[in-house]
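Okay, structure first, notes after.
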Amino acid sequence: MRALLQVLTALTLLAYPLAVYLGLNYLPAGTIALVLCLLLTVRLILQKQKVKTLVLPLLVGIGLTAGSYLTKRSDWLLYYPVVINLTMLALFSYSLHKGPCMIERLARLKEPDLPDEAIPYLKKVTLLWCGLFILNGTIAAYTAGFTRLATWTLYNGLIAYVLMGLLLGGEWLYRSFWLKKT
């Protein structure tokens, strides 16, 4: 049951922009805020602080969704993608200063004995991700404050994911084909 709840809450959070769009357009006022608040709370409880960096965005998300419900302000729901991007930016930036960088940590999960020559490259990739989080967070904030709900949903529910996929796939292609030739 616990695993099922974890999967359901993870999928809901991935589909957060679509859930907000559908909820604001097709459900009674405040319903989607309450549902998302409950899902975020369940996610926090299930997390049991295994990944401490996920606690803050979950708490802020709970605050935004609960605040949205209590104040009857649906626009608060639109700022959760900004929170996620700021959290990821802080996490990746911090890893650059305190080391090892986030991409090195992830790479070591697959290959624990990375050569020392790989470290500068992995730092550059971490910097690229920081740039993407800045771009995504800025556009997420803009779409939340100054565009229609459909535009916000399109960017935060599709385009942002496509950009992350392009960076992930592009880096993998570069590393797999061009970097191995040198």
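In the structure tokens, chains take letters A, B, ... by order of appearance, with residues numbered from 1 within each chain and ligands from 1 in the order shown.
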Contact table range 78-131 of chain A vs range 5-20 of chain A, cut-off 12 Å, shortest pair per residue, only C-alpha atoms, as a Markdown table:
| residue | atom | partner | partner_atom | distance |
| --- | --- | --- | --- | --- |
| A:Leu78 | CA | A:Pro17 | CA | 7.9 |
| A:Tyr79 | CA | A:Pro17 | CA | 10.2 |
| A:Tyr80 | CA | A:Tyr16 | CA | 8.7 |
| A:Pro81 | CA | A:Pro17 | CA | 8.3 |
| A:Val82 | CA | A:Pro17 | CA | 11.7 |
| A:Ile84 | CA | A:Leu13 | CA | 10.6 |
Neighbour list for Tyr161 in chain A as a list in words, cut-off 10 Å, only C-alpha atoms, skip fewer than 6 positions in-chain = Leu14, Asn136, Tyr155 and Leu167 of chain A
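As for CA of Trp76 in chain A and CA of Gly145 in chain A, they are spaced 9.7 Å apart.
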In Å, how far is it from CA of Val125 in chain A to CA of Glu171 in chain A?
->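 Spanning CA of Val125 in chain A to CA of Glu171 in chain A is a straight-line distance of 7.8 Å.
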With 10 Å as the cut-off and only C-alpha atoms counted, what is the closest atom pair between each nearby residue of range 49-142 of chain A and range 26-39 of chain A? Distances in Å to one decimal, ordered by chain and number, as CSV.
residue,atom,partner,partner_atom,distance
A:Leu58,CA,A:Cys37,CA,9.5
A:Leu59,CA,A:Cys37,CA,9.8
A:Gly61,CA,A:Cys37,CA,7.4
A:Ile62,CA,A:Cys37,CA,5.2
A:Gly63,CA,A:Cys37,CA,8.0
A:Leu64,CA,A:Cys37,CA,8.2
A:Thr65,CA,A:Ala33,CA,5.0
A:Ala66,CA,A:Cys37,CA,5.9
A:Gly67,CA,A:Ala33,CA,8.5
A:Ser68,CA,A:Ala33,CA,6.2
A:Tyr69,CA,A:Gly30,CA,5.1
A:Leu70,CA,A:Gly30,CA,8.2
A:Thr71,CA,A:Gly30,CA,9.2
A:Lys72,CA,A:Gly30,CA,6.3
A:Arg73,CA,A:Gly30,CA,8.2
A:Ser74,CA,A:Gly30,CA,7.3
A:Trp76,CA,A:Ala33,CA,9.2
A:Leu77,CA,A:Ala33,CA,7.1
Between CA of Phe177 in chain A and CA of Asp116 in chain A - distance in Å to one decimal =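 Separation of CA of Asp116 in chain A and CA of Phe177 in chain A: 19.8 Å.
Among the candidate residues A:Leu91, A:Leu40, A:Leu109, A:Ile139, the one lying nearest to Thr151 in chain A is A:Ile139, with distances computed using only C-alpha atoms.
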If you run DSSP on the backbone, which residues of range 14-107 of chain A are alpha helix (DSSP H), as JSON, numbers by chain?
-> {"A": [14, 16, 17, 18, 19, 20, 21, 22, 23, 24, 25, 26, 31, 32, 33, 34, 35, 36, 37, 38, 39, 40, 41, 42, 43, 44, 45, 46, 47, 55, 56, 57, 58, 59, 60, 61, 62, 63, 64, 65, 66, 67, 68, 69, 70, 71, 80, 81, 82, 83, 84, 85, 86, 87, 88, 89, 90, 91, 92, 93, 94, 95, 96, 97, 98, 102, 103, 104, 105, 106, 107]}
Which of these, A:Ser95, A:Thr87, A:Asn156, A:Ser176, has the shortest distance to Val55 in chain A once you count only C-alpha atoms?
->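 Nearest to Val55 in chain A: A:Thr87.
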